Amino acid sequence: MSTTVSADGTKIAYTRAGAGPALVLVDGAMCYRGSSPNDALAKELAAHFTVYTYDRRGRGESGDTGPYAAEREVEDIAALVKEAGGEVFLFGISSGAALALEAARSLPVTKLALYEPPFVVDDTRPRVPADYPARLDAALAAGKRGTAVKMFMTEGVGLSGATVALMRIMPFWAKLKRVATTLPYDTVLVFEHQSGEPLQAAWPEVKVPTLTVDGGKSPEWMRNGVSSLAKVLPSAEYRTLPGQTHIVKAAALAPVLKEFYLR
């Protein structure tokens with residue numbers, strides 16, 4: 001493990017592996033090094049890239065400094081870009097894809113790849129309730145981390161109550177509760193694009209070649225969001241990985257990323 005320091009003084013913990021062009025992987029909600037799909041992805045890609053995985057602020061071995069703003073997380077990535085030599089390929093998954101999009105507005109990103117940002121762009125699932133962010137904040141302020149995770153899973157992700165009830169008796173539920181205080185961070189990143197309305201051209205600055213990817217077995221609403229994103233970005237292409245879901249297998253995703261970045 002190594003550390004760098006973000007612009008506001010927050011310590012950001014990261015791991016570097018492999019050799020080749022620099023590639024930074026950005027986690028989704030509640031994930032961090034050692035508990036992330038990006039761990040396996042980094043191993044698959046390290047033969048071709050110098051891969052940076054890191055703990056987003058408030059998670060794992062990274063610090064946190066309030067008040068939160070998406071700009072602070074972009075600055076965290078900027079610190080990693082500096083460590084990597086000043087220019088990177090960037091990948092983000094789920095809400096981490098939304099963060100990677102924000103970072104690509106202003107940072108020296110050569111190519112950008114995004115896996116299933118959770119944008120709700122039509123009526124194929126209920127929109128995220130307008131009062132969800134406020135109720136999430138209230139639950140956390142009251143110390144009800146389990147309630148906050150349940151809200152995120154049902155209202156944010158769209159899982160059924162029965163599925164979440166089963167999750168609550170599994171050992172990993174305790175891990176989710178430990179990082180529940182960062183759920184509002186991910187909400188800030190995605191909530192604007194979960195209204196059930198078509199995406200607008202909200203990222204005109206992101207002109208670098210961009211790959212948007214979804215899984216062939218992912219929910220219709222999520223796939224619609226990914227395909228819509230490809231249409232509104234200035235320079236994007238869209239790929240579907242047959243048989244994959246939101247919990248994508250590294251062995252299926254890594255070859256697609258390798259081909260895109262090294263093309």
# chains A, B, ... in the order shown; residues from 1 in each chain; ligands from 1
>>> residues_around(residues="Leu80 (chain A)", least_positions_apart="3", cutoff="8 Å", atoms="only C-alpha atoms", output="NGL selection string")
:A and (4 or 24 or 52 or 76-77 or 83-84)
>>> write_last_selection(atoms="C-alpha atoms", output="mmCIF file, in the first residue's frame")
data_model
loop_
_atom_site.group_PDB
_atom_site.id
_atom_site.type_symbol
_atom_site.label_atom_id
_atom_site.label_comp_id
_atom_site.auth_asym_id
_atom_site.auth_seq_id
_atom_site.Cartn_x
_atom_site.Cartn_y
_atom_site.Cartn_z
ATOM 1 C CA THR A 4 -0.992 10.236 -1.539
ATOM 2 C CA VAL A 24 -6.893 4.086 -12.514
ATOM 3 C CA TYR A 52 -3.963 1.855 -9.614
ATOM 4 C CA ASP A 76 -8.564 12.570 -5.006
ATOM 5 C CA ILE A 77 -8.295 11.116 -8.498
ATOM 6 C CA GLU A 83 1.387 9.827 -8.821
ATOM 7 C CA ALA A 84 0.889 7.991 -12.123
#
>>> residues_around(residues="Tyr185 (chain A)", least_positions_apart="5", cutoff="9 Å", atoms="only C-alpha atoms", output="number ranges by chain")
A: 29, 68-70
>>> write_last_selection(atoms="all heavy atoms", output="mmCIF file, in the first residue's frame")
data_model
loop_
_atom_site.group_PDB
_atom_site.id
_atom_site.type_symbol
_atom_site.label_atom_id
_atom_site.label_comp_id
_atom_site.auth_asym_id
_atom_site.auth_seq_id
_atom_site.Cartn_x
_atom_site.Cartn_y
_atom_site.Cartn_z
ATOM 1 N N ALA A 29 -20.353 2.150 -5.058
ATOM 2 C CA ALA A 29 -20.786 2.371 -3.676
ATOM 3 C C ALA A 29 -20.307 1.268 -2.745
ATOM 4 O O ALA A 29 -20.384 0.085 -3.076
ATOM 5 C CB ALA A 29 -22.312 2.476 -3.619
ATOM 6 N N TYR A 68 -18.566 17.105 2.385
ATOM 7 C CA TYR A 68 -18.369 16.374 1.141
ATOM 8 C C TYR A 68 -18.808 17.206 -0.062
ATOM 9 O O TYR A 68 -19.778 17.963 -0.014
ATOM 10 C CB TYR A 68 -19.173 15.074 1.145
ATOM 11 C CG TYR A 68 -19.037 14.333 -0.175
ATOM 12 C CD1 TYR A 68 -17.916 13.558 -0.430
ATOM 13 C CD2 TYR A 68 -19.997 14.455 -1.178
ATOM 14 C CE1 TYR A 68 -17.752 12.900 -1.641
ATOM 15 C CE2 TYR A 68 -19.841 13.799 -2.391
ATOM 16 C CZ TYR A 68 -18.716 13.027 -2.616
ATOM 17 O OH TYR A 68 -18.553 12.382 -3.830
ATOM 18 N N ALA A 69 -18.091 17.036 -1.147
ATOM 19 C CA ALA A 69 -18.496 17.551 -2.458
ATOM 20 C C ALA A 69 -17.874 16.643 -3.506
ATOM 21 O O ALA A 69 -16.774 16.106 -3.298
ATOM 22 C CB ALA A 69 -18.033 18.994 -2.660
ATOM 23 N N ALA A 70 -18.557 16.472 -4.620
ATOM 24 C CA ALA A 70 -18.021 15.627 -5.686
ATOM 25 C C ALA A 70 -16.657 16.136 -6.143
ATOM 26 O O ALA A 70 -15.784 15.339 -6.525
ATOM 27 C CB ALA A 70 -18.993 15.583 -6.854
#
>>> closest_residue(among="A:Ala165, A:Gln244, A:Thr10, A:Val232", to="Gly66 (chain A)", atoms="only C-alpha atoms")
A:Thr10
>>> residues_around(residues="region 134-141 of chain A", least_positions_apart="6", cutoff="10 Å", atoms="only C-alpha atoms", output="MDAnalysis selection string")
chainID A and resid 147:152 180:184 187
>>> write_last_selection(atoms="N, CA, C and O atoms", output="CSV table (one decimal), in the first residue's frame")
chain,number,residue,atom,x,y,z
A,147,THR,N,-30.4,0.6,8.4
A,147,THR,CA,-31.6,1.2,7.6
A,147,THR,C,-31.1,1.9,6.4
A,147,THR,O,-31.8,1.8,5.3
A,148,ALA,N,-30.0,2.6,6.5
A,148,ALA,CA,-29.5,3.3,5.3
A,148,ALA,C,-29.1,2.4,4.2
A,148,ALA,O,-29.4,2.6,3.0
A,149,VAL,N,-28.4,1.3,4.6
A,149,VAL,CA,-28.0,0.3,3.6
A,149,VAL,C,-29.3,-0.3,2.9
A,149,VAL,O,-29.3,-0.5,1.7
A,150,LYS,N,-30.3,-0.6,3.7
A,150,LYS,CA,-31.5,-1.2,3.2
A,150,LYS,C,-32.2,-0.2,2.2
A,150,LYS,O,-32.6,-0.6,1.1
A,151,MET,N,-32.2,1.1,2.6
A,151,MET,CA,-32.8,2.1,1.7
A,151,MET,C,-32.0,2.1,0.4
A,151,MET,O,-32.6,2.2,-0.7
A,152,PHE,N,-30.7,2.1,0.5
A,152,PHE,CA,-29.9,2.2,-0.7
A,152,PHE,C,-30.2,1.0,-1.6
A,152,PHE,O,-30.3,1.1,-2.9
A,180,ALA,N,-21.4,2.6,5.4
A,180,ALA,CA,-22.7,3.2,5.0
A,180,ALA,C,-22.7,4.7,5.1
A,180,ALA,O,-23.4,5.3,4.3
A,181,THR,N,-21.8,5.3,5.9
A,181,THR,CA,-21.7,6.7,6.0
A,181,THR,C,-21.3,7.4,4.6
A,181,THR,O,-21.4,8.6,4.5
A,182,THR,N,-20.7,6.6,3.7
A,182,THR,CA,-20.3,7.1,2.4
A,182,THR,C,-21.5,7.0,1.4
A,182,THR,O,-21.3,7.5,0.2
A,183,LEU,N,-22.6,6.4,1.7
A,183,LEU,CA,-23.7,6.3,0.7
A,183,LEU,C,-24.1,7.7,0.2
A,183,LEU,O,-24.5,7.8,-1.0
A,184,PRO,N,-24.2,8.7,1.0
A,184,PRO,CA,-24.6,10.0,0.5
A,184,PRO,C,-23.6,10.5,-0.6
A,184,PRO,O,-24.0,11.3,-1.5
A,187,THR,N,-24.8,9.1,-3.7
A,187,THR,CA,-26.1,9.7,-4.1
A,187,THR,C,-25.8,11.0,-4.8
A,187,THR,O,-26.5,11.3,-5.8
>>> select_by_dssp(residues="region 155-219 of chain A", states="strand (DSSP E)", output="mmCIF file with N, CA, C and O atoms, in the first residue's frame")
data_model
loop_
_atom_site.group_PDB
_atom_site.id
_atom_site.type_symbol
_atom_site.label_atom_id
_atom_site.label_comp_id
_atom_site.auth_asym_id
_atom_site.auth_seq_id
_atom_site.Cartn_x
_atom_site.Cartn_y
_atom_site.Cartn_z
ATOM 1 N N THR A 210 -14.548 7.183 -25.339
ATOM 2 C CA THR A 210 -15.215 6.616 -24.164
ATOM 3 C C THR A 210 -15.905 5.321 -24.552
ATOM 4 O O THR A 210 -16.546 5.234 -25.595
ATOM 5 N N LEU A 211 -15.759 4.321 -23.692
ATOM 6 C CA LEU A 211 -16.436 3.036 -23.875
ATOM 7 C C LEU A 211 -17.459 2.874 -22.769
ATOM 8 O O LEU A 211 -17.124 2.938 -21.586
ATOM 9 N N THR A 212 -18.726 2.692 -23.138
ATOM 10 C CA THR A 212 -19.768 2.396 -22.157
ATOM 11 C C THR A 212 -20.150 0.927 -22.309
ATOM 12 O O THR A 212 -20.370 0.443 -23.418
ATOM 13 N N VAL A 213 -20.227 0.222 -21.170
ATOM 14 C CA VAL A 213 -20.403 -1.229 -21.203
ATOM 15 C C VAL A 213 -21.503 -1.641 -20.233
ATOM 16 O O VAL A 213 -21.613 -1.089 -19.136
ATOM 17 N N ASP A 214 -22.309 -2.613 -20.656
ATOM 18 C CA ASP A 214 -23.276 -3.216 -19.745
ATOM 19 C C ASP A 214 -23.247 -4.730 -19.889
ATOM 20 O O ASP A 214 -22.552 -5.278 -20.750
ATOM 21 N N GLY A 215 -23.988 -5.404 -19.013
ATOM 22 C CA GLY A 215 -24.089 -6.849 -19.059
ATOM 23 C C GLY A 215 -25.388 -7.279 -19.717
ATOM 24 O O GLY A 215 -26.442 -6.671 -19.489
#
>>> residues_around(residues="Leu112 (chain A)", least_positions_apart="3", cutoff="9 Å", atoms="only C-alpha atoms", output="PyMOL selection string")
chain A and resi 89-92+100-101+104+109+206+208-212+261
>>> select_by_dssp(residues="region 57-182 of chain A", states="helix (DSSP H, G or I)", output="PyMOL selection string")
chain A and resi 70-83+95-104+132-141+145-156+161-167+173-178+180-182
>>> residues_around(residues="His48 (chain A)", least_positions_apart="5", cutoff="10 Å", atoms="only C-alpha atoms", output="list in words")
Gly18, Ala19, Gly20, Pro21, Ala22, Leu23, Lys258 and Leu262 of chain A
>>> residues_around(residues="Gly60 (chain A)", least_positions_apart="4", cutoff="10 Å", atoms="only C-alpha atoms", output="ChimeraX atom specification")
/A:12-14,30-35,54-56,178-179
>>> write_last_selection(atoms="N, CA, C and O atoms", output="CSV table (one decimal), in the first residue's frame")
chain,number,residue,atom,x,y,z
A,12,ILE,N,-5.2,9.5,0.8
A,12,ILE,CA,-5.8,8.6,0.0
A,12,ILE,C,-4.9,7.4,-0.2
A,12,ILE,O,-3.7,7.5,-0.6
A,13,ALA,N,-5.3,6.2,0.2
A,13,ALA,CA,-4.5,5.0,0.2
A,13,ALA,C,-4.8,4.3,-1.2
A,13,ALA,O,-5.9,4.2,-1.7
A,14,TYR,N,-3.7,3.8,-1.8
A,14,TYR,CA,-3.8,3.1,-3.1
A,14,TYR,C,-2.8,2.0,-3.2
A,14,TYR,O,-1.8,1.9,-2.5
A,30,MET,N,-19.8,1.7,-1.6
A,30,MET,CA,-19.4,0.8,-0.5
A,30,MET,C,-18.3,-0.2,-0.8
A,30,MET,O,-18.0,-1.0,0.0
A,31,CYS,N,-17.6,0.0,-1.9
A,31,CYS,CA,-16.5,-0.9,-2.3
A,31,CYS,C,-15.2,-0.2,-1.9
A,31,CYS,O,-15.1,1.0,-2.0
A,32,TYR,N,-14.2,-1.0,-1.7
A,32,TYR,CA,-12.8,-0.5,-1.4
A,32,TYR,C,-11.9,-1.6,-1.6
A,32,TYR,O,-12.3,-2.8,-1.7
A,33,ARG,N,-10.6,-1.3,-1.6
A,33,ARG,CA,-9.6,-2.4,-1.8
A,33,ARG,C,-9.8,-3.5,-0.8
A,33,ARG,O,-9.9,-3.3,0.4
A,34,GLY,N,-9.8,-4.7,-1.4
A,34,GLY,CA,-10.0,-5.9,-0.5
A,34,GLY,C,-11.5,-6.3,-0.5
A,34,GLY,O,-11.8,-7.4,0.0
A,35,SER,N,-12.4,-5.4,-1.0
A,35,SER,CA,-13.8,-5.7,-1.0
A,35,SER,C,-14.4,-5.0,-2.2
A,35,SER,O,-15.2,-4.1,-2.1
A,54,TYR,N,-7.7,2.2,-5.5
A,54,TYR,CA,-7.6,3.0,-4.3
A,54,TYR,C,-8.8,3.0,-3.5
A,54,TYR,O,-9.9,2.5,-4.0
A,55,ASP,N,-8.7,3.4,-2.2
A,55,ASP,CA,-9.9,3.5,-1.4
A,55,ASP,C,-10.5,4.9,-1.5
A,55,ASP,O,-9.8,5.9,-1.2
A,56,ARG,N,-11.7,5.0,-2.0
A,56,ARG,CA,-12.3,6.3,-2.1
A,56,ARG,C,-12.4,6.9,-0.6
A,56,ARG,O,-12.5,6.1,0.3
A,178,ARG,N,-20.4,-0.8,7.8
A,178,ARG,CA,-19.2,0.0,8.2
A,178,ARG,C,-19.0,1.1,7.3
A,178,ARG,O,-18.5,2.2,7.8
A,179,VAL,N,-19.3,1.0,6.0
A,179,VAL,CA,-19.0,2.1,5.1
A,179,VAL,C,-20.3,2.8,4.7
A,179,VAL,O,-20.3,3.6,3.7
>>> closest_residue(among="A:Val88, A:Ala17, A:Leu257, A:Val120", to="Arg239 (chain A)", atoms="only C-alpha atoms")
A:Leu257
